[in-house]
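With PDB, C-alpha atoms, pLDDT in the B column inside, this is entry_11.pdb:
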ATOM      1  CA  MET C   8     -30.457 -17.618   8.551  1.00 47.00           C
ATOM      2  CA  GLU C   9     -27.496 -15.278   9.165  1.00 51.00           C
ATOM      3  CA  THR C  10     -24.173 -16.547  10.480  1.00 53.00           C
ATOM      4  CA  ASP C  11     -22.354 -14.914  13.381  1.00 55.00           C
ATOM      5  CA  ALA C  12     -19.623 -12.766  11.766  1.00 50.00           C
ATOM      6  CA  SER C  13     -17.101 -13.712  14.471  1.00 53.00           C
ATOM      7  CA  SER C  14     -17.361 -17.409  13.548  1.00 58.00           C
ATOM      8  CA  ILE C  15     -16.795 -16.982   9.812  1.00 58.00           C
ATOM      9  CA  ASN C  16     -13.551 -18.322   8.347  1.00 63.00           C
ATOM     10  CA  PRO C  17     -11.196 -15.428   7.330  1.00 59.00           C
ATOM     11  CA  ASP C  18     -11.110 -16.711   3.736  1.00 63.00           C
ATOM     12  CA  VAL C  19     -14.911 -16.683   3.647  1.00 69.00           C
ATOM     13  CA  LYS C  20     -14.902 -13.095   4.956  1.00 66.00           C
ATOM     14  CA  LEU C  21     -12.680 -11.994   2.078  1.00 67.00           C
ATOM     15  CA  VAL C  22     -14.940 -13.707  -0.440  1.00 68.00           C
ATOM     16  CA  THR C  23     -17.984 -12.085   1.199  1.00 72.00           C
ATOM     17  CA  ILE C  24     -16.427  -8.616   0.862  1.00 71.00           C
ATOM     18  CA  ASP C  25     -15.502  -9.317  -2.745  1.00 67.00           C
ATOM     19  CA  VAL C  26     -19.035 -10.525  -3.564  1.00 71.00           C
ATOM     20  CA  LYS C  27     -20.526  -7.354  -2.060  1.00 72.00           C
ATOM     21  CA  MET C  28     -18.261  -5.166  -4.197  1.00 69.00           C
ATOM     22  CA  GLN C  29     -18.959  -7.252  -7.312  1.00 70.00           C
ATOM     23  CA  ILE C  30     -22.731  -6.925  -6.744  1.00 73.00           C
ATOM     24  CA  ARG C  31     -22.392  -3.138  -6.399  1.00 70.00           C
ATOM     25  CA  THR C  32     -20.347  -3.027  -9.595  1.00 70.00           C
ATOM     26  CA  LEU C  33     -22.805  -5.281 -11.457  1.00 73.00           C
ATOM     27  CA  HIS C  34     -25.751  -3.133 -10.349  1.00 69.00           C
ATOM     28  CA  ALA C  35     -24.023   0.028 -11.598  1.00 69.00           C
ATOM     29  CA  LYS C  36     -23.193  -1.573 -14.962  1.00 71.00           C
ATOM     30  CA  VAL C  37     -26.732  -2.917 -15.476  1.00 69.00           C
ATOM     31  CA  THR C  38     -28.158   0.500 -14.606  1.00 67.00           C
ATOM     32  CA  PHE C  39     -25.835   2.087 -17.167  1.00 66.00           C
ATOM     33  CA  LEU C  40     -26.942  -0.351 -19.877  1.00 67.00           C
ATOM     34  CA  GLN C  41     -30.607   0.307 -19.077  1.00 65.00           C
ATOM     35  CA  GLU C  42     -30.109   4.071 -19.251  1.00 61.00           C
ATOM     36  CA  THR C  43     -28.160   3.958 -22.525  1.00 63.00           C
ATOM     37  CA  GLY C  44     -30.347   1.369 -24.247  1.00 65.00           C
ATOM     38  CA  GLY C  45     -27.561  -1.219 -24.316  1.00 69.00           C
ATOM     39  CA  MET C  46     -29.410  -3.921 -22.402  1.00 68.00           C
ATOM     40  CA  THR C  47     -29.712  -7.128 -24.446  1.00 77.00           C
ATOM     41  CA  GLU C  48     -32.150 -10.023 -24.143  1.00 72.00           C
ATOM     42  CA  GLU C  49     -29.267 -12.343 -23.299  1.00 76.00           C
ATOM     43  CA  ILE C  50     -28.220 -10.220 -20.305  1.00 76.00           C
ATOM     44  CA  GLU C  51     -31.842  -9.901 -19.169  1.00 71.00           C
ATOM     45  CA  ARG C  52     -32.213 -13.684 -19.310  1.00 68.00           C
ATOM     46  CA  MET C  53     -28.989 -14.232 -17.372  1.00 74.00           C
ATOM     47  CA  MET C  54     -30.094 -11.744 -14.693  1.00 69.00           C
ATOM     48  CA  THR C  55     -33.446 -13.499 -14.414  1.00 65.00           C
ATOM     49  CA  GLU C  56     -31.768 -16.898 -14.011  1.00 63.00           C
ATOM     50  CA  LEU C  57     -29.326 -15.499 -11.445  1.00 67.00           C
ATOM     51  CA  THR C  58     -32.157 -14.036  -9.385  1.00 63.00           C
ATOM     52  CA  ALA C  59     -34.110 -17.287  -9.598  1.00 56.00           C
ATOM     53  CA  LEU C  60     -31.299 -19.141  -7.830  1.00 55.00           C
ATOM     54  CA  TYR C  61     -32.172 -17.313  -4.609  1.00 54.00           C
ATOM     55  CA  ASN C  62     -35.934 -17.743  -4.877  1.00 49.00           C
ATOM     56  CA  LYS C  63     -37.872 -20.642  -3.393  1.00 47.00           C
ATOM     57  CA  GLY C  64     -38.062 -23.708  -5.601  1.00 47.00           C
ATOM     58  CA  ASP C  65     -35.463 -25.398  -7.739  1.00 44.00           C
ATOM     59  CA  SER C  66     -36.853 -24.721 -11.182  1.00 41.00           C
ATOM     60  CA  LEU C  67     -35.935 -21.711 -13.282  1.00 39.00           C
ATOM     61  CA  PRO C  68     -38.712 -19.641 -14.857  1.00 42.00           C
ATOM     62  CA  THR C  69     -39.552 -20.639 -18.418  1.00 41.00           C
ATOM     63  CA  THR C  70     -40.962 -17.252 -19.374  1.00 40.00           C
ATOM     64  CA  ARG C  71     -39.388 -13.851 -18.988  1.00 41.00           C
ATOM     65  CA  GLN C  72     -41.369 -10.768 -18.043  1.00 45.00           C
ATOM     66  CA  PRO C  73     -40.834  -7.727 -20.279  1.00 43.00           C
ATOM     67  CA  ALA C  74     -38.187  -5.391 -18.904  1.00 41.00           C
ATOM     68  CA  PRO C  75     -39.486  -2.037 -17.664  1.00 47.00           C
ATOM     69  CA  ALA C  76     -38.630   1.099 -19.578  1.00 44.00           C
ATOM     70  CA  ALA C  77     -35.181   2.457 -18.780  1.00 45.00           C
ATOM     71  CA  THR C  78     -35.235   5.032 -15.998  1.00 47.00           C
ATOM     72  CA  THR C  79     -32.541   7.045 -14.269  1.00 51.00           C
ATOM     73  CA  VAL C  80     -32.234   5.996 -10.635  1.00 54.00           C
ATOM     74  CA  LEU C  81     -31.183   8.847  -8.355  1.00 64.00           C
ATOM     75  CA  PRO C  82     -29.126   9.243  -6.264  1.00 78.00           C
ATOM     76  CA  LYS C  83     -26.690   7.562  -8.640  1.00 84.00           C
ATOM     77  CA  LEU C  84     -23.310   6.297  -7.462  1.00 85.00           C
ATOM     78  CA  LEU C  85     -20.765   6.580 -10.260  1.00 85.00           C
ATOM     79  CA  LEU C  86     -18.926   3.375 -11.108  1.00 78.00           C
ATOM     80  CA  LYS C  87     -16.055   5.522 -12.347  1.00 86.00           C
ATOM     81  CA  ALA C  88     -15.450   8.931 -10.805  1.00 90.00           C
ATOM     82  CA  GLU C  89     -15.787  11.788 -13.309  1.00 93.00           C
ATOM     83  CA  THR C  90     -13.147  14.522 -13.515  1.00 95.00           C
ATOM     84  CA  MET C  91     -14.735  17.928 -14.202  1.00 96.00           C
ATOM     85  CA  GLN C  92     -13.438  21.469 -14.617  1.00 96.00           C
ATOM     86  CA  ALA C  93     -15.403  24.365 -13.170  1.00 96.00           C
ATOM     87  CA  HIS C  94     -16.314  27.218 -15.510  1.00 96.00           C
ATOM     88  CA  SER C  95     -18.202  29.354 -12.979  1.00 95.00           C
ATOM     89  CA  GLU C  96     -18.010  30.271  -9.311  1.00 95.00           C
ATOM     90  CA  TYR C  97     -20.127  28.614  -6.635  1.00 95.00           C
ATOM     91  CA  VAL C  98     -20.568  29.472  -2.946  1.00 91.00           C
ATOM     92  CA  GLY C  99     -22.909  27.016  -1.282  1.00 87.00           C
ATOM     93  CA  PRO C 100     -25.364  27.752   1.549  1.00 89.00           C
ATOM     94  CA  ASP C 101     -23.405  25.748   4.157  1.00 87.00           C
ATOM     95  CA  TRP C 102     -20.328  23.595   4.846  1.00 85.00           C
ATOM     96  CA  LYS C 103     -21.892  20.610   3.079  1.00 88.00           C
ATOM     97  CA  HIS C 104     -21.409  22.377  -0.280  1.00 93.00           C
ATOM     98  CA  LEU C 105     -18.230  22.964  -2.269  1.00 94.00           C
ATOM     99  CA  LEU C 106     -16.547  26.332  -2.602  1.00 94.00           C
ATOM    100  CA  ILE C 107     -15.689  26.592  -6.297  1.00 96.00           C
ATOM    101  CA  LYS C 108     -13.746  29.038  -8.445  1.00 95.00           C
ATOM    102  CA  PRO C 109     -13.503  28.948 -12.258  1.00 96.00           C
ATOM    103  CA  GLY C 110     -10.755  26.547 -13.327  1.00 96.00           C
ATOM    104  CA  ASP C 111     -11.045  24.284 -10.271  1.00 96.00           C
ATOM    105  CA  THR C 112     -10.792  20.538 -10.882  1.00 95.00           C
ATOM    106  CA  ILE C 113     -13.682  18.592  -9.341  1.00 96.00           C
ATOM    107  CA  ILE C 114     -13.798  14.809  -8.967  1.00 95.00           C
ATOM    108  CA  ALA C 115     -17.484  13.808  -9.033  1.00 95.00           C
ATOM    109  CA  TYR C 116     -18.444  10.585  -7.226  1.00 94.00           C
ATOM    110  CA  ALA C 117     -22.254  10.607  -7.377  1.00 92.00           C
ATOM    111  CA  TYR C 118     -25.312  12.447  -8.668  1.00 92.00           C
ATOM    112  CA  ILE C 119     -27.848  13.289  -5.961  1.00 90.00           C
ATOM    113  CA  ASN C 120     -30.459  14.481  -8.456  1.00 88.00           C
ATOM    114  CA  GLU C 121     -30.637  15.967 -11.939  1.00 88.00           C
ATOM    115  CA  VAL C 122     -28.965  19.233 -10.894  1.00 92.00           C
ATOM    116  CA  THR C 123     -26.690  18.360  -7.955  1.00 93.00           C
ATOM    117  CA  ALA C 124     -23.607  16.157  -7.660  1.00 94.00           C
ATOM    118  CA  VAL C 125     -21.189  15.195  -4.881  1.00 95.00           C
ATOM    119  CA  GLY C 126     -17.503  15.729  -5.501  1.00 95.00           C
ATOM    120  CA  PHE C 127     -14.039  16.662  -4.279  1.00 95.00           C
ATOM    121  CA  ASN C 128     -12.313  19.962  -5.099  1.00 95.00           C
ATOM    122  CA  THR C 129      -8.614  19.258  -5.679  1.00 94.00           C
ATOM    123  CA  ARG C 130      -7.726  22.917  -5.003  1.00 94.00           C
ATOM    124  CA  THR C 131      -9.370  23.243  -1.592  1.00 93.00           C
ATOM    125  CA  ASN C 132      -8.977  19.526  -0.729  1.00 91.00           C
ATOM    126  CA  LEU C 133     -12.573  19.482   0.494  1.00 92.00           C
ATOM    127  CA  GLY C 134     -15.659  17.624  -0.671  1.00 93.00           C
ATOM    128  CA  GLY C 135     -19.332  18.429  -0.879  1.00 93.00           C
ATOM    129  CA  ARG C 136     -22.311  19.092  -3.090  1.00 94.00           C
ATOM    130  CA  PHE C 137     -22.243  21.327  -6.142  1.00 96.00           C
ATOM    131  CA  PRO C 138     -24.488  22.244  -9.094  1.00 95.00           C
ATOM    132  CA  ILE C 139     -23.708  20.105 -12.127  1.00 95.00           C
ATOM    133  CA  ASP C 140     -24.001  23.087 -14.477  1.00 95.00           C
ATOM    134  CA  THR C 141     -21.029  24.845 -12.839  1.00 96.00           C
ATOM    135  CA  ALA C 142     -18.554  22.359 -14.321  1.00 96.00           C
ATOM    136  CA  LYS C 143     -17.929  20.326 -17.468  1.00 94.00           C
ATOM    137  CA  LYS C 144     -16.479  16.832 -17.838  1.00 93.00           C
ATOM    138  CA  VAL C 145     -12.831  16.726 -18.886  1.00 91.00           C
ATOM    139  CA  ASP C 146     -12.120  14.824 -22.091  1.00 88.00           C
ATOM    140  CA  PRO C 147     -10.232  12.543 -22.087  1.00 85.00           C
ATOM    141  CA  GLN C 148     -10.837  11.421 -18.523  1.00 86.00           C
ATOM    142  CA  PRO C 149      -7.609  11.020 -16.487  1.00 84.00           C
ATOM    143  CA  HIS C 150      -6.969   7.809 -14.546  1.00 83.00           C
ATOM    144  CA  GLU C 151      -8.179   7.915 -10.939  1.00 80.00           C
ATOM    145  CA  LYS C 152      -6.697   5.457  -8.459  1.00 83.00           C
ATOM    146  CA  VAL C 153      -9.392   3.566  -6.530  1.00 88.00           C
ATOM    147  CA  GLU C 154      -8.791   2.837  -2.838  1.00 90.00           C
ATOM    148  CA  ILE C 155     -11.698   1.411  -0.819  1.00 92.00           C
ATOM    149  CA  PHE C 156     -11.909   0.845   2.939  1.00 93.00           C
ATOM    150  CA  MET C 157     -14.620  -0.927   4.922  1.00 93.00           C
ATOM    151  CA  ALA C 158     -15.587   0.267   8.399  1.00 92.00           C
ATOM    152  CA  ILE C 159     -15.142  -2.618  10.834  1.00 91.00           C
ATOM    153  CA  ASP C 160     -15.946  -0.649  14.008  1.00 88.00           C
ATOM    154  CA  PRO C 161     -18.317   2.228  14.823  1.00 84.00           C
ATOM    155  CA  PRO C 162     -16.808   5.740  15.049  1.00 78.00           C
ATOM    156  CA  VAL C 163     -15.445   6.994  18.366  1.00 73.00           C
ATOM    157  CA  LEU C 164     -17.788   9.842  19.261  1.00 68.00           C
ATOM    158  CA  TYR C 165     -15.343  11.853  21.371  1.00 56.00           C
ATOM    159  CA  ALA C 166     -12.824  11.866  18.505  1.00 57.00           C
ATOM    160  CA  THR C 167     -15.227  13.266  15.902  1.00 63.00           C
ATOM    161  CA  SER C 168     -15.490  16.844  14.674  1.00 70.00           C
ATOM    162  CA  LEU C 169     -17.383  18.828  12.035  1.00 73.00           C
ATOM    163  CA  SER C 170     -14.881  17.679   9.409  1.00 80.00           C
ATOM    164  CA  SER C 171     -15.078  13.982  10.395  1.00 85.00           C
ATOM    165  CA  LEU C 172     -16.651  11.466   8.032  1.00 88.00           C
ATOM    166  CA  GLY C 173     -19.885   9.920   9.269  1.00 87.00           C
ATOM    167  CA  TYR C 174     -20.121   6.154   8.840  1.00 89.00           C
ATOM    168  CA  LYS C 175     -21.482   2.919  10.284  1.00 89.00           C
ATOM    169  CA  THR C 176     -19.929  -0.520  10.596  1.00 91.00           C
ATOM    170  CA  GLY C 177     -19.983  -2.354   7.271  1.00 91.00           C
ATOM    171  CA  GLN C 178     -20.094   0.742   5.084  1.00 91.00           C
ATOM    172  CA  TYR C 179     -17.512   1.363   2.357  1.00 92.00           C
ATOM    173  CA  VAL C 180     -15.412   4.508   2.037  1.00 93.00           C
ATOM    174  CA  ARG C 181     -13.457   5.641  -1.003  1.00 92.00           C
ATOM    175  CA  VAL C 182     -10.285   7.669  -0.500  1.00 93.00           C
ATOM    176  CA  CYS C 183     -10.310  11.087  -2.180  1.00 93.00           C
ATOM    177  CA  ARG C 184      -6.981  12.320  -0.824  1.00 93.00           C
ATOM    178  CA  TRP C 185      -4.377  11.095   1.670  1.00 93.00           C
ATOM    179  CA  GLU C 186      -3.014  13.546   4.195  1.00 91.00           C
ATOM    180  CA  LYS C 187       0.694  13.798   4.940  1.00 89.00           C
ATOM    181  CA  GLY C 188       1.819  10.657   6.752  1.00 87.00           C
ATOM    182  CA  GLY C 189      -0.651   8.323   5.022  1.00 86.00           C
ATOM    183  CA  ILE C 190      -2.799   7.740   8.120  1.00 89.00           C
ATOM    184  CA  TRP C 191      -5.632  10.235   7.850  1.00 92.00           C
ATOM    185  CA  ALA C 192      -7.531  10.566   4.600  1.00 93.00           C
ATOM    186  CA  TYR C 193     -10.410  12.539   3.161  1.00 94.00           C
ATOM    187  CA  GLY C 194     -13.040  10.069   2.020  1.00 93.00           C
ATOM    188  CA  PHE C 195     -16.409   9.521   0.372  1.00 93.00           C
ATOM    189  CA  ASN C 196     -18.993   7.230   2.019  1.00 92.00           C
ATOM    190  CA  LEU C 197     -20.468   5.057  -0.752  1.00 89.00           C
ATOM    191  CA  SER C 198     -23.615   4.366   1.287  1.00 88.00           C
ATOM    192  CA  THR C 199     -24.559   7.850   2.543  1.00 88.00           C
ATOM    193  CA  LEU C 200     -22.712   9.984  -0.071  1.00 89.00           C
ATOM    194  CA  ALA C 201     -21.183  11.913   2.857  1.00 89.00           C
ATOM    195  CA  MET C 202     -17.613  13.207   2.778  1.00 91.00           C
ATOM    196  CA  GLY C 203     -15.037  13.952   5.457  1.00 91.00           C
ATOM    197  CA  ARG C 204     -11.814  12.961   7.231  1.00 90.00           C
ATOM    198  CA  PHE C 205     -11.216   9.492   8.677  1.00 91.00           C
ATOM    199  CA  ASP C 206      -8.383   7.650  10.427  1.00 89.00           C
ATOM    200  CA  SER C 207      -7.585   4.505   8.441  1.00 88.00           C
ATOM    201  CA  ARG C 208      -5.576   2.796  11.207  1.00 84.00           C
ATOM    202  CA  TYR C 209      -8.014   1.292  13.686  1.00 83.00           C
ATOM    203  CA  HIS C 210     -11.622   1.252  12.543  1.00 87.00           C
ATOM    204  CA  PHE C 211     -11.188   0.423   8.863  1.00 92.00           C
ATOM    205  CA  LYS C 212      -9.931  -2.425   6.716  1.00 91.00           C
ATOM    206  CA  LYS C 213      -8.640  -1.914   3.197  1.00 90.00           C
ATOM    207  CA  VAL C 214     -10.578  -3.799   0.547  1.00 88.00           C
ATOM    208  CA  GLU C 215      -8.711  -5.380  -2.336  1.00 77.00           C
ATOM    209  CA  TRP C 216     -10.008  -3.651  -5.445  1.00 65.00           C
ATOM    210  CA  HIS C 217     -10.114  -5.668  -8.662  1.00 57.00           C
ATOM    211  CA  LYS C 218      -9.322  -3.404 -11.596  1.00 55.00           C
ATOM    212  CA  GLU C 219     -11.428  -3.744 -14.704  1.00 49.00           C
ATOM    213  CA  THR C 220      -9.721  -5.181 -17.740  1.00 39.00           C
TER     214      THR C 220
END
For the file at hand, write its structure as structure tokens.
Amino acid sequence: METDASSINPDVKLVTIDVKMQIRTLHAKVTFLQETGGMTEEIERMMTELTALYNKGDSLPTTRQPAPAATTVLPKLLLKAETMQAHSEYVGPDWKHLLIKPGDTIIAYAYINEVTAVGFNTRTNLGGRFPIDTAKKVDPQPHEKVEIFMAIDPPVLYATSLSSLGYKTGQYVRVCRWEKGGIWAYGFNLSTLAMGRFDSRYHFKKVEWHKET
């Protein structure tokens, strides 16, 4: 039974937001371990016990089902954004795709499929889709500051434009670049993989991001 959001204690709300982000992070890490063959029996057992806590009945399972073969789940949201440098030009079919020139720095946030990623071009200050084979990961990877906002209200339709970020209440948005003044930002929707401009003042709430140690 769900609780009315308006009646939840503010401290509980913060914990709820944190739990959601921790679950997303845990899912990404487990997926990575499965894909790289790093999953251990101990972690599998702990995941099974954790899941059992939310199933009917009080007893934990005494036997563990064999884990399925590791598979790549696409689209794949990247736990850590990947900095890439373009080595070839790319002109996409529409405004949803990046315009790329050789030497451009691209910050990739997700893989849509095996050949296409979603990223932000630091030269044009625009985001969109691009072919993975047009760029190569930079080594070593530079540090990327993580700023996450949660939409607390639906978008105002009359204030939207082609460059506006599409979102729904409850979805999380990562900042790609702040505009001058620190009010408007270009962001990446973690739920829809869409990119665009958003006003951080009224319809969003900044989420405290716990850095990994």
Could you list, as a PyMOL selection string, every residue within 10 Å of Ser170 (chain C), counting only C-alpha atoms and ignoring same-chain residues fewer than 2 positions away?
chain C and resi 102-103+133+167-168+172-173+193+202-205
Selected by the PyMOL selection byres ((chain C and resi 135) around 9) in the shown coordinates: which residues, as a compact mmCIF listing (two decimals) with C-alpha atoms, in the coordinates of the input?
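Result file is expr.txt:
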# COMPACT_ATOMS: atom_id res chain seq x y z
CA TRP C 102 -20.33 23.60 4.85
CA LYS C 103 -21.89 20.61 3.08
CA HIS C 104 -21.41 22.38 -0.28
CA LEU C 105 -18.23 22.96 -2.27
CA LEU C 106 -16.55 26.33 -2.60
CA ALA C 124 -23.61 16.16 -7.66
CA VAL C 125 -21.19 15.20 -4.88
CA GLY C 126 -17.50 15.73 -5.50
CA PHE C 127 -14.04 16.66 -4.28
CA ASN C 128 -12.31 19.96 -5.10
CA LEU C 133 -12.57 19.48 0.49
CA GLY C 134 -15.66 17.62 -0.67
CA ARG C 136 -22.31 19.09 -3.09
CA PHE C 137 -22.24 21.33 -6.14
CA ALA C 201 -21.18 11.91 2.86
CA MET C 202 -17.61 13.21 2.78
CA GLY C 203 -15.04 13.95 5.46
I'd like the contact shell of His150 (chain C) - 12 Å cut-off, all atoms listed in the file, skipping same-chain residues fewer than 4 positions apart - returned as a list in words.
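After dropping sequence-adjacent residues, the list is Lys87, Ala88, Glu89, Thr90, Ile114, Val145, Asp146 and Lys218 of chain C.
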How would the residues just chosen look if you wrote them out with C-alpha atoms as a PDB file, in the frame of the given file?
ATOM      1  CA  LYS C  87     -16.055   5.522 -12.347  1.00 86.00           C
ATOM      2  CA  ALA C  88     -15.450   8.931 -10.805  1.00 90.00           C
ATOM      3  CA  GLU C  89     -15.787  11.788 -13.309  1.00 93.00           C
ATOM      4  CA  THR C  90     -13.147  14.522 -13.515  1.00 95.00           C
ATOM      5  CA  ILE C 114     -13.798  14.809  -8.967  1.00 95.00           C
ATOM      6  CA  VAL C 145     -12.831  16.726 -18.886  1.00 91.00           C
ATOM      7  CA  ASP C 146     -12.120  14.824 -22.091  1.00 88.00           C
ATOM      8  CA  LYS C 218      -9.322  -3.404 -11.596  1.00 55.00           C
TER       9      LYS C 218
END
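Relative to CA of Ile155 (chain C), CA of Gln29 (chain C) is found at 13.0 Å.
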To one decimal place, how far is CA of Gly189 (chain C) from CA of Phe211 (chain C) in Å?
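One can read the CA of Gly189 (chain C) to CA of Phe211 (chain C) distance as 13.7 Å.
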I want to know what sits within 12 Å of Arg208 (chain C), based on only C-alpha atoms, with residues of the same chain fewer than 2 positions away left out; could you give that as a ChimeraX atom specification?
/C:156-160,188-192,205-206,210-213
Selected residue of minimal separation from Lys152 (chain C) among C:Val98, C:Val182, C:Ile139, C:Val26, counting all atoms listed in the file:
C:Val182
From the set C:Ser95, C:Thr129, C:Gln148, C:Thr32, which residue has the shortest atom-to-atom contact distance to Leu197 (chain C), counting all atoms listed in the file?
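The answer is C:Thr32, which sits nearest to Leu197 (chain C).
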On this structure, which residues satisfy the PyMOL selection byres ((chain C and resi 117) around 7), written as a ChimeraX atom specification?
/C:83-85,115-116,118-119,124-125
